[in-house]
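Coordinates from entry19.cif are shown below (mmCIF, C-alpha atoms).
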```cif
data_coords
loop_
_atom_site.label_atom_id
_atom_site.label_comp_id
_atom_site.auth_asym_id
_atom_site.auth_seq_id
_atom_site.Cartn_x
_atom_site.Cartn_y
_atom_site.Cartn_z
CA MET A 21 0.00 0.00 0.00
CA GLY A 22 2.20 2.77 -1.31
CA LEU A 23 1.85 6.42 -2.13
CA VAL A 24 -0.97 7.64 -4.29
CA HIS A 25 -0.67 10.94 -6.11
CA ALA A 26 -3.07 13.76 -5.87
CA TRP A 27 -4.51 14.11 -9.28
CA LEU A 28 -6.86 11.22 -8.66
CA MET A 29 -7.93 12.36 -5.19
CA LYS A 30 -11.49 13.32 -4.50
CA GLN A 31 -13.85 13.60 -1.57
CA ALA A 32 -17.51 12.98 -0.89
CA GLN A 33 -19.88 13.50 1.99
CA THR A 34 -23.46 12.70 2.88
CA SER A 35 -25.76 12.43 5.88
CA LEU A 36 -27.78 9.49 7.16
CA ASN A 37 -30.97 9.69 9.17
CA VAL A 38 -30.87 6.87 11.67
CA SER A 39 -34.03 5.83 13.50
CA CYS A 40 -33.19 4.71 17.04
CA ARG A 41 -35.93 2.95 18.97
CA GLY A 42 -34.93 4.11 22.44
CA ARG A 43 -31.81 3.21 24.37
CA GLY A 44 -29.61 0.70 22.57
CA MET A 45 -27.38 0.18 19.54
CA THR A 46 -28.29 0.45 15.85
CA ASN A 47 -25.88 -1.16 13.40
CA ILE A 48 -25.13 1.23 10.51
CA THR A 49 -22.25 -0.71 8.96
CA SER A 50 -24.06 -1.78 5.80
CA GLN A 51 -25.30 1.76 5.15
CA ILE A 52 -21.75 3.07 5.48
CA GLN A 53 -20.24 0.42 3.21
CA SER A 54 -22.99 0.84 0.65
CA TRP A 55 -22.50 4.61 0.46
CA LEU A 56 -18.72 4.16 0.18
CA ARG A 57 -19.12 1.80 -2.78
CA GLY A 58 -21.18 4.47 -4.50
CA THR A 59 -18.43 7.05 -4.15
CA GLY A 60 -15.95 4.85 -6.00
CA VAL A 61 -13.18 5.71 -3.54
CA GLN A 62 -10.87 2.69 -3.33
CA THR A 63 -8.14 3.98 -1.01
CA GLY A 64 -8.54 6.74 1.54
CA VAL A 65 -9.95 7.58 4.94
CA MET A 66 -13.51 8.09 6.10
CA THR A 67 -15.08 9.95 9.00
CA VAL A 68 -18.33 9.03 10.73
CA TYR A 69 -19.75 11.83 12.86
CA VAL A 70 -22.92 12.12 14.94
CA GLN A 71 -24.39 15.61 15.45
CA HIS A 72 -25.85 15.02 18.92
CA THR A 73 -24.86 15.18 22.59
CA SER A 74 -27.02 12.37 23.96
CA CYS A 75 -26.22 9.55 21.56
CA SER A 76 -22.84 8.38 20.34
CA LEU A 77 -20.88 6.11 18.01
CA ILE A 78 -19.11 2.92 18.95
CA ILE A 79 -17.27 0.19 17.09
CA GLN A 80 -18.01 -3.14 18.69
CA GLU A 81 -18.64 -6.84 18.14
CA ASN A 82 -20.90 -7.77 15.25
CA ALA A 83 -21.49 -11.41 16.18
CA ASP A 84 -22.78 -12.24 19.68
CA PRO A 85 -25.57 -9.81 20.68
CA ASP A 86 -24.81 -10.60 24.34
CA VAL A 87 -21.81 -8.28 24.02
CA LEU A 88 -24.13 -5.34 23.37
CA THR A 89 -26.47 -6.39 26.17
CA ASP A 90 -23.60 -6.63 28.65
CA LEU A 91 -22.16 -3.31 27.51
CA GLU A 92 -25.52 -1.62 28.11
CA THR A 93 -25.81 -3.30 31.52
CA PHE A 94 -22.39 -1.95 32.43
CA MET A 95 -23.17 1.58 31.22
CA GLY A 96 -26.49 1.56 33.08
CA LYS A 97 -24.72 0.83 36.36
CA LEU A 98 -21.79 3.15 35.72
CA VAL A 99 -23.99 6.16 34.92
CA GLN A 100 -27.09 6.08 37.11
CA ASP A 101 -30.18 7.62 35.49
CA GLY A 102 -31.66 10.35 37.64
CA HIS A 103 -28.67 10.48 39.98
CA PRO A 104 -29.49 12.86 42.85
CA ASP A 105 -26.35 14.89 42.04
CA PHE A 106 -27.73 15.96 38.66
CA LEU A 107 -28.87 19.56 38.18
CA HIS A 108 -29.85 19.10 34.51
CA VAL A 109 -33.12 17.23 35.05
CA ASP A 110 -35.85 19.04 33.10
CA GLU A 111 -35.83 16.62 30.18
CA GLY A 112 -36.10 13.46 32.28
CA ILE A 113 -33.93 11.08 34.27
CA ASP A 114 -32.24 9.74 31.12
CA ASP A 115 -31.06 13.09 29.79
CA MET A 116 -28.01 13.91 31.91
CA SER A 117 -26.95 10.26 31.98
CA ALA A 118 -27.16 10.31 28.17
CA HIS A 119 -24.77 13.29 28.01
CA ILE A 120 -22.30 11.47 30.26
CA ARG A 121 -22.51 8.20 28.29
CA THR A 122 -21.87 10.18 25.11
CA THR A 123 -18.77 11.77 26.64
CA LEU A 124 -17.42 8.36 27.70
CA THR A 125 -17.81 6.97 24.18
CA GLN A 126 -17.34 8.79 20.82
CA VAL A 127 -19.05 11.23 18.51
CA SER A 128 -16.50 10.87 15.70
CA LEU A 129 -14.76 7.84 14.22
CA THR A 130 -12.09 7.77 11.53
CA ILE A 131 -11.58 4.58 9.55
CA PRO A 132 -9.13 3.87 6.71
CA VAL A 133 -10.67 2.85 3.40
CA VAL A 134 -8.99 -0.17 1.76
CA ASN A 135 -10.22 -1.82 -1.44
CA GLY A 136 -13.30 0.38 -1.51
CA GLN A 137 -14.46 -0.58 2.00
CA ALA A 138 -14.19 0.92 5.46
CA ALA A 139 -11.44 -1.36 6.78
CA LEU A 140 -13.29 -2.75 9.78
CA GLY A 141 -11.92 -5.87 11.42
CA ILE A 142 -13.88 -9.05 10.87
CA TRP A 143 -15.63 -8.73 14.27
CA GLN A 144 -16.21 -4.97 14.08
CA ALA A 145 -19.43 -3.13 13.33
CA VAL A 146 -20.27 0.57 13.61
CA TYR A 147 -23.22 1.38 15.87
CA VAL A 148 -25.17 4.47 16.77
CA TYR A 149 -25.55 4.09 20.53
CA GLU A 150 -28.77 5.82 21.58
CA HIS A 151 -28.75 6.80 25.24
CA ARG A 152 -32.24 8.34 25.53
CA PHE A 153 -35.30 6.22 26.34
CA ALA A 154 -37.51 7.64 23.58
CA SER A 155 -37.35 6.85 19.88
CA MET A 156 -35.15 9.42 18.17
CA GLN A 157 -34.12 10.35 14.63
CA ARG A 158 -30.36 10.85 14.66
CA ARG A 159 -28.21 12.53 12.04
CA VAL A 160 -24.89 10.94 11.11
CA LEU A 161 -22.47 12.59 8.68
CA LEU A 162 -20.13 10.58 6.47
CA HIS A 163 -17.07 11.99 4.73
CA VAL A 164 -14.44 10.29 2.64
CA VAL A 165 -11.26 11.56 1.02
CA GLY A 166 -9.15 9.36 -1.23
CA GLU A 167 -8.97 8.06 -4.74
CA MET B 7 -23.24 16.36 -1.47
CA GLY B 8 -21.44 14.59 -4.31
CA LEU B 9 -17.88 13.95 -5.35
CA VAL B 10 -15.40 16.76 -5.57
CA HIS B 11 -12.31 16.39 -7.72
CA ALA B 12 -8.82 16.87 -6.58
CA TRP B 13 -7.53 19.86 -8.44
CA LEU B 14 -9.27 22.18 -6.01
CA MET B 15 -8.19 20.34 -2.87
CA LYS B 16 -5.98 22.01 -0.32
CA GLN B 17 -5.10 21.74 3.34
CA ALA B 18 -4.28 24.08 6.19
CA GLN B 19 -3.18 23.74 9.77
CA THR B 20 -2.57 25.95 12.76
CA SER B 21 -2.24 25.80 16.53
CA LEU B 22 -4.24 27.53 19.25
CA ASN B 23 -3.01 28.40 22.70
CA VAL B 24 -5.89 27.89 25.07
CA SER B 25 -5.79 29.34 28.59
CA CYS B 26 -7.54 27.02 31.02
CA ARG B 27 -8.29 28.36 34.48
CA GLY B 28 -7.99 25.11 36.38
CA ARG B 29 -10.28 22.11 36.16
CA GLY B 30 -13.25 22.65 33.84
CA MET B 31 -14.27 23.18 30.25
CA THR B 32 -13.24 25.98 27.86
CA ASN B 33 -15.39 26.43 24.76
CA ILE B 34 -13.18 26.78 21.65
CA THR B 35 -15.94 26.48 19.04
CA SER B 36 -15.83 30.08 17.85
CA GLN B 37 -12.03 29.99 17.48
CA ILE B 38 -12.30 26.84 15.38
CA GLN B 39 -15.06 28.20 13.15
CA SER B 40 -13.29 31.52 12.72
CA TRP B 41 -10.04 29.87 11.65
CA LEU B 42 -11.92 27.60 9.23
CA ARG B 43 -13.58 30.58 7.56
CA GLY B 44 -10.14 32.06 7.01
CA THR B 45 -8.93 28.97 5.19
CA GLY B 46 -11.71 29.23 2.63
CA VAL B 47 -12.34 25.48 2.74
CA GLN B 48 -16.03 24.90 2.01
CA THR B 49 -16.20 21.10 1.97
CA GLY B 50 -13.81 18.76 3.75
CA VAL B 51 -12.88 17.33 7.09
CA MET B 52 -11.12 18.84 10.07
CA THR B 53 -9.12 17.44 12.96
CA VAL B 54 -8.85 18.99 16.42
CA TYR B 55 -5.97 17.60 18.47
CA VAL B 56 -4.67 18.38 21.96
CA GLN B 57 -0.97 17.78 22.65
CA HIS B 58 -1.32 16.85 26.32
CA THR B 59 -2.00 13.86 28.58
CA SER B 60 -3.83 15.57 31.43
CA CYS B 61 -6.45 17.58 29.54
CA SER B 62 -8.73 16.42 26.75
CA LEU B 63 -11.30 17.37 24.13
CA ILE B 64 -15.02 16.79 24.33
CA ILE B 65 -18.03 17.71 22.22
CA GLN B 66 -20.95 18.50 24.49
CA GLU B 67 -24.00 20.68 25.05
CA ASN B 68 -23.62 24.38 24.32
CA ALA B 69 -26.79 25.60 26.01
CA ASP B 70 -27.42 24.64 29.66
CA PRO B 71 -24.21 25.03 31.70
CA ASP B 72 -25.65 22.55 34.23
CA VAL B 73 -24.70 19.79 31.79
CA LEU B 74 -21.03 20.69 32.18
CA THR B 75 -21.37 20.97 35.96
CA ASP B 76 -23.02 17.56 36.19
CA LEU B 77 -20.44 16.00 33.90
CA GLU B 78 -17.64 17.33 36.10
CA THR B 79 -19.44 16.06 39.22
CA PHE B 80 -19.68 12.61 37.64
CA MET B 81 -16.03 12.55 36.58
CA GLY B 82 -14.92 13.70 40.02
CA LYS B 83 -16.66 10.74 41.63
CA LEU B 84 -15.63 8.24 38.96
CA VAL B 85 -11.94 9.12 39.20
CA GLN B 86 -11.01 9.94 42.77
CA ASP B 87 -8.20 12.48 43.12
CA GLY B 88 -5.37 11.13 45.24
CA HIS B 89 -6.71 7.58 45.24
CA PRO B 90 -4.53 5.47 47.57
CA ASP B 91 -3.86 3.05 44.70
CA PHE B 92 -1.95 5.65 42.71
CA LEU B 93 1.84 5.37 42.42
CA HIS B 94 2.22 8.48 40.24
CA VAL B 95 1.75 11.13 42.94
CA ASP B 96 4.71 13.51 42.76
CA GLU B 97 2.84 16.24 40.88
CA GLY B 98 -0.17 16.32 43.21
CA ILE B 99 -3.43 14.50 43.85
CA ASP B 100 -4.96 15.78 40.60
CA ASP B 101 -2.24 14.51 38.30
CA MET B 102 -2.95 10.79 37.97
CA SER B 103 -6.69 11.39 38.00
CA ALA B 104 -6.14 13.87 35.14
CA HIS B 105 -4.37 11.19 33.08
CA ILE B 106 -7.26 8.78 33.65
CA ARG B 107 -9.93 11.39 32.80
CA THR B 108 -8.03 12.15 29.59
CA THR B 109 -7.99 8.47 28.65
CA LEU B 110 -11.75 8.18 29.24
CA THR B 111 -12.45 11.16 26.96
CA GLN B 112 -10.61 12.19 23.75
CA VAL B 113 -7.44 13.86 22.56
CA SER B 114 -8.48 13.96 18.90
CA LEU B 115 -11.77 14.82 17.19
CA THR B 116 -12.58 14.66 13.50
CA ILE B 117 -15.47 16.75 12.19
CA PRO B 118 -16.78 17.06 8.62
CA VAL B 119 -16.73 20.57 7.11
CA VAL B 120 -19.96 21.56 5.36
CA ASN B 121 -20.60 25.00 3.87
CA GLY B 122 -17.36 26.35 5.31
CA GLN B 123 -18.15 25.34 8.89
CA ALA B 124 -17.30 22.45 11.18
CA ALA B 125 -20.62 20.61 10.94
CA LEU B 126 -21.47 20.57 14.62
CA GLY B 127 -25.04 19.80 15.60
CA ILE B 128 -27.09 22.72 16.89
CA TRP B 129 -26.48 21.72 20.53
CA GLN B 130 -22.81 20.79 20.10
CA ALA B 131 -19.75 22.78 21.15
CA VAL B 132 -16.09 21.78 21.27
CA TYR B 133 -14.42 22.11 24.67
CA VAL B 134 -10.94 21.72 26.03
CA TYR B 135 -11.54 19.82 29.25
CA GLU B 136 -8.81 20.74 31.71
CA HIS B 137 -8.35 18.11 34.40
CA ARG B 138 -5.58 19.74 36.47
CA PHE B 139 -6.38 22.16 39.29
CA ALA B 140 -3.89 24.84 38.24
CA SER B 141 -4.24 27.31 35.39
CA MET B 142 -2.60 25.88 32.30
CA GLN B 143 -1.76 26.97 28.76
CA ARG B 144 -2.83 24.17 26.44
CA ARG B 145 -1.86 23.66 22.81
CA VAL B 146 -4.53 22.56 20.36
CA LEU B 147 -3.72 21.75 16.73
CA LEU B 148 -6.23 22.26 13.93
CA HIS B 149 -5.98 20.69 10.49
CA VAL B 150 -8.36 20.80 7.55
CA VAL B 151 -8.29 19.14 4.16
CA GLY B 152 -10.88 19.89 1.51
CA GLU B 153 -11.74 22.41 -1.14
CA MET C 6 1.14 27.10 8.57
CA GLY C 7 -0.87 28.25 5.58
CA LEU C 8 -2.77 26.70 2.73
CA VAL C 9 -1.22 24.06 0.56
CA HIS C 10 -2.58 23.38 -2.90
CA ALA C 11 -3.67 20.06 -4.17
CA TRP C 12 -1.29 19.15 -6.87
CA LEU C 13 1.29 18.06 -4.34
CA MET C 14 -1.13 16.08 -2.19
CA LYS C 15 -0.77 12.36 -1.82
CA GLN C 16 -1.78 9.59 0.56
CA ALA C 17 -0.29 6.38 1.89
CA GLN C 18 -1.44 3.54 4.09
CA THR C 19 -0.01 0.44 5.69
CA SER C 20 -0.69 -2.05 8.45
CA LEU C 21 1.36 -3.00 11.47
CA ASN C 22 1.28 -6.33 13.28
CA VAL C 23 1.70 -5.58 16.97
CA SER C 24 2.58 -8.38 19.39
CA CYS C 25 0.88 -7.77 22.75
CA ARG C 26 2.00 -9.93 25.66
CA GLY C 27 -1.28 -10.04 27.52
CA ARG C 28 -3.07 -7.17 29.23
CA GLY C 29 -1.13 -3.92 29.12
CA MET C 30 0.18 -1.20 26.83
CA THR C 31 2.59 -1.51 23.88
CA ASN C 32 4.21 1.71 22.68
CA ILE C 33 3.98 1.98 18.88
CA THR C 34 5.12 5.59 18.54
CA SER C 35 8.48 4.89 16.94
CA GLN C 36 6.92 2.52 14.38
CA ILE C 37 4.40 5.20 13.44
CA GLN C 38 7.00 7.95 13.13
CA SER C 39 9.35 5.75 11.18
CA TRP C 40 6.65 4.79 8.66
CA LEU C 41 5.64 8.43 8.29
CA ARG C 42 9.20 9.47 7.48
CA GLY C 43 9.23 6.87 4.74
CA THR C 44 6.13 8.34 3.10
CA GLY C 45 7.78 11.74 2.73
CA VAL C 46 4.60 13.52 3.82
CA GLN C 47 5.63 16.74 5.58
CA THR C 48 2.25 18.33 6.30
CA GLY C 49 -1.03 16.48 6.62
CA VAL C 50 -3.09 14.31 8.92
CA MET C 51 -2.74 10.68 9.92
CA THR C 52 -5.14 8.06 11.21
CA VAL C 53 -4.22 5.16 13.49
CA TYR C 54 -6.88 2.44 13.58
CA VAL C 55 -7.08 -0.91 15.40
CA GLN C 56 -9.20 -3.65 13.81
CA HIS C 57 -10.31 -5.33 17.04
CA THR C 58 -13.02 -5.11 19.70
CA SER C 59 -11.04 -6.24 22.74
CA CYS C 60 -7.97 -4.04 22.51
CA SER C 61 -7.79 -0.31 21.90
CA LEU C 62 -5.59 2.72 21.26
CA ILE C 63 -4.67 5.40 23.75
CA ILE C 64 -2.38 8.40 23.76
CA GLN C 65 -0.77 8.73 27.16
CA GLU C 66 2.38 9.67 29.07
CA ASN C 67 5.67 8.44 27.63
CA ALA C 68 7.86 9.14 30.67
CA ASP C 69 6.83 7.70 34.05
CA PRO C 70 5.67 4.07 33.66
CA ASP C 71 3.70 4.44 36.92
CA VAL C 72 1.09 6.34 34.91
CA LEU C 73 0.40 3.23 32.84
CA THR C 74 0.36 1.03 35.94
CA ASP C 75 -2.11 3.32 37.69
CA LEU C 76 -4.30 3.54 34.60
CA GLU C 77 -4.47 -0.24 34.41
CA THR C 78 -5.26 -0.44 38.14
CA PHE C 79 -8.12 2.00 37.63
CA MET C 80 -9.51 0.16 34.61
CA GLY C 81 -9.30 -3.16 36.44
CA LYS C 82 -11.47 -1.83 39.24
CA LEU C 83 -13.86 0.06 36.98
CA VAL C 84 -14.57 -2.96 34.77
CA GLN C 85 -14.60 -6.11 36.88
CA ASP C 86 -13.45 -9.24 35.03
CA GLY C 87 -16.05 -11.99 35.20
CA HIS C 88 -18.75 -9.73 36.61
CA PRO C 89 -21.81 -11.85 37.46
CA ASP C 90 -23.96 -9.62 35.20
CA PHE C 91 -22.11 -10.71 32.07
CA LEU C 92 -23.86 -13.04 29.61
CA HIS C 93 -20.92 -13.13 27.16
CA VAL C 94 -18.65 -15.50 29.10
CA ASP C 95 -17.64 -18.34 26.77
CA GLU C 96 -14.20 -16.91 25.99
CA GLY C 97 -13.18 -16.31 29.61
CA ILE C 98 -13.60 -13.75 32.38
CA ASP C 99 -11.45 -11.19 30.56
CA ASP C 100 -13.44 -11.17 27.32
CA MET C 101 -16.49 -9.05 28.12
CA SER C 102 -14.45 -6.73 30.29
CA ALA C 103 -12.11 -6.29 27.31
CA HIS C 104 -15.01 -5.22 25.08
CA ILE C 105 -16.11 -2.66 27.68
CA ARG C 106 -12.59 -1.29 28.18
CA THR C 107 -12.28 -0.92 24.41
CA THR C 108 -15.53 1.04 24.27
CA LEU C 109 -14.35 3.38 27.04
CA THR C 110 -11.12 4.14 25.20
CA GLN C 111 -10.54 4.44 21.39
CA VAL C 112 -10.14 2.34 18.27
CA SER C 113 -9.22 5.29 16.02
CA LEU C 114 -6.93 8.27 16.54
CA THR C 115 -6.35 11.18 14.18
CA ILE C 116 -3.14 13.18 14.54
CA PRO C 117 -1.93 16.16 12.50
CA VAL C 118 1.41 15.72 10.71
CA VAL C 119 3.79 18.66 11.11
CA ASN C 120 7.35 18.71 9.75
CA GLY C 121 7.10 15.10 8.70
CA GLN C 122 6.12 13.81 12.14
CA ALA C 123 2.88 12.90 13.91
CA ALA C 124 2.57 16.05 16.03
CA LEU C 125 2.46 14.38 19.43
CA GLY C 126 3.07 16.54 22.47
CA ILE C 127 6.39 16.05 24.21
CA TRP C 128 4.83 13.77 26.86
CA GLN C 129 2.58 11.84 24.47
CA ALA C 130 3.05 8.34 23.12
CA VAL C 131 0.64 6.12 21.16
CA TYR C 132 -0.09 2.74 22.76
CA VAL C 133 -2.00 -0.35 21.79
CA TYR C 134 -3.85 -1.19 24.98
CA GLU C 135 -4.39 -4.94 25.09
CA HIS C 136 -7.27 -5.91 27.36
CA ARG C 137 -7.13 -9.72 27.02
CA PHE C 138 -4.93 -11.83 29.32
CA ALA C 139 -3.36 -13.91 26.55
CA SER C 140 -0.65 -12.86 24.12
CA MET C 141 -2.28 -11.56 20.96
CA GLN C 142 -1.21 -10.37 17.52
CA ARG C 143 -3.07 -7.13 16.80
CA ARG C 144 -3.50 -5.38 13.47
CA VAL C 145 -3.15 -1.60 13.35
CA LEU C 146 -3.80 0.38 10.16
CA LEU C 147 -2.02 3.64 9.40
CA HIS C 148 -3.16 6.20 6.84
CA VAL C 149 -1.78 9.61 5.97
CA VAL C 150 -2.95 12.26 3.55
CA GLY C 151 -0.94 15.41 2.93
CA GLU C 152 1.99 16.68 0.96
#
```

Starting from the coordinates I provided, produce the structure as C-alpha cells.
Amino acid sequence: MGLVHAWLMKQAQTSLNVSCRGRGMTNITSQIQSWLRGTGVQTGVMTVYVQHTSCSLIIQENADPDVLTDLETFMGKLVQDGHPDFLHVDEGIDDMSAHIRTTLTQVSLTIPVVNGQAALGIWQAVYVYEHRFASMQRRVLLHVVGE
Amino acid sequence: MGLVHAWLMKQAQTSLNVSCRGRGMTNITSQIQSWLRGTGVQTGVMTVYVQHTSCSLIIQENADPDVLTDLETFMGKLVQDGHPDFLHVDEGIDDMSAHIRTTLTQVSLTIPVVNGQAALGIWQAVYVYEHRFASMQRRVLLHVVGE
Amino acid sequence: MGLVHAWLMKQAQTSLNVSCRGRGMTNITSQIQSWLRGTGVQTGVMTVYVQHTSCSLIIQENADPDVLTDLETFMGKLVQDGHPDFLHVDEGIDDMSAHIRTTLTQVSLTIPVVNGQAALGIWQAVYVYEHRFASMQRRVLLHVVGE
C-alpha cells in the first residue's frame, strides 16, 4: 500500500438519518459500506460523525448480541439515570446520563478505506448508541477523502 | 453532497493556545469556526488535536451550563483524586486522575466541514476539558483538508 | 502554517502487526513515526486504527511508567473481570471486560502531521492497549494524507 498521487484524489460527503428505537445500539455498517461503494473511492480515509450530545458512536462486536447487552448493563450501572447529584433534570432522568454516556464513548470515528471498504476488522461493526429512552431520529455525517 | 475532484483540494493547519483556568471546560468552538472561515475550505474534514496527557477534548452541550457541571461532578466521583492506589503522585493529587480522565475522553476529534463550517449539531460545542487544578496553557492543533 | 494546494497532495497507508504480551500497553510511537518518514509527507493528517473489539488505542504519558500502571489499576477496578452480570462469558472472564474497556477508550486516533512527524506533544506516546490476558497479535492500520 504505497503512495498515491493527488490528481486522482477526491472527496464525498453525505448524511444518514438513523431511527433509534430508544436506548440501545443500531448497526449502521451496511449503510456506510454501501454509500462508500457508491463514491468509487478505493483507497482513503472516512469519518463518521454524529451531530448530537445524547447519543454516540461505537465500534463493537458484530457477532454475539450478548456483548451489546452486557455493555448496556455496564453503562447503566456506571452512569445512574436520575442520579441525585444531577442539576440538569428538566428533560427526564435519562437526559443527563445520556450526556455522560456520550462523553465516555465517541461522537467521531475515523476509519481507513482499503479496497473500496471501510477497513473494519472481521468482528467490528459501527453502531449508533442511543442513550435516551424515547425513539429518536439521529443525524450521522459521512465523509471520505481518497482516490 | 457529491464527489469533488482533486484539483481544487488544499489543506491548512494551525495551533491555538488555550488558557484554562484550572479544572473545567473551555469552549473553543468560535475559534475553530473563525479559523476555518479564514482557510476558505467549504467542503472537507477537520481534525482537532490536543498535545497533552492531562487535559482532553469533548463535544458536548452548548446551552445549559448545568450539563457541564453535572459532567464534572460525575467525573470527580468516577476518578477519585489522590486515590490510595496511585503510584504516580509527585505532581499532586490531581495529576494521575487527570491522566485517567483524559484516557476516558478524547485527545483527537474529526469533524466534517460543510458550507465552510465544522458541521457541529445545533447543541454541540467543542471544549478543552482541563483536568488539572492549576491554570494551564494548552496547545490545540487544527488541520483541515478539503476544497 | 498556511494553505497548501492540491497538486502536491498524496496519501499512503499500511498495516502493522503488533505483538501484545497479555493485558497492558505496547508503545507503537516509533513505528508510526518511522513509517511516516518513509512516506515523505511533511504536512497532513494521519489516522491510526485498530481492527479489534477487545484491545484499543490510547495516547498517554511516555515518561513515568507508573502512569500506565495506575491507569491499568483504575480500569481493572472500573470494569470487573467476570462480573456476574455478564452473559458473554464463553471466551473467559477477561473477554467481556475487554469489550467494555475498548468502548471506554478508542479504536481510532487522528493526529496532525507537522514537519514530517505525527505532532504528538512532548509527553505523548501512542499505545495499543491490550485488554485480554493472553498474548495476541493485533492489526493496526495507518493512513496519511498530505503533501

Residues selected by the PyMOL selection byres ((chain C) within 8 of (chain B)), written as a ChimeraX atom specification:
/C:6-12,14,49-50,63-66,69,71-72,74-76,78-79,109-110,114-117,124-129,151

Using the chain letters and numbers from this file, what does the PyMOL selection byres ((chain C and resi 99) around 8) select? Give the answer as a count of residues only.
12

On this file, the PyMOL selection byres ((chain A and resi 146) around 6) gives some set of residues; write that set as a PyMOL selection string.
chain A and resi 47-49+78-79+145+147

To one decimal place, how far is CA of Cys25 (chain C) from CA of Gly136 (chain A) in Å?
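Taking CA of Cys25 (chain C) and CA of Gly136 (chain A), their separation equals 29.3 Å.
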
Contacts of region 140-143 of chain B at 9 Å (all atoms listed in the file; same-chain gap of 5+ positions) as a tab-separated table (two decimals) with C-alpha atoms, keeping the file's coordinate frame:
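Saved file out-v2.tsv follows:
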```
chain	number	residue	atom	x	y	z
B	23	ASN	CA	-3.01	28.40	22.70
B	24	VAL	CA	-5.89	27.89	25.07
B	25	SER	CA	-5.79	29.34	28.59
B	26	CYS	CA	-7.54	27.02	31.02
B	27	ARG	CA	-8.29	28.36	34.48
B	28	GLY	CA	-7.99	25.11	36.38
B	29	ARG	CA	-10.28	22.11	36.16
```

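Of note, CA of Gly82 (chain B) and CA of Glu136 (chain B) are spaced 12.5 Å apart.
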
Could you state the separation of CA of Leu74 (chain B) and CA of Gln37 (chain B) in Å, given to one decimal place?
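Between CA of Leu74 (chain B) and CA of Gln37 (chain B) the gap is 19.6 Å.
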
Expected axis-aligned box over every listed atom of region 86-105 of chain A, 6 Å added per side, centre plus edges in Å to one decimal, as lines of an AutoDock Vina configuration file:
```
center_x = -26.7
center_y = 2.1
center_z = 33.1
size_x = 21.9
size_y = 37.5
size_z = 31.5
```
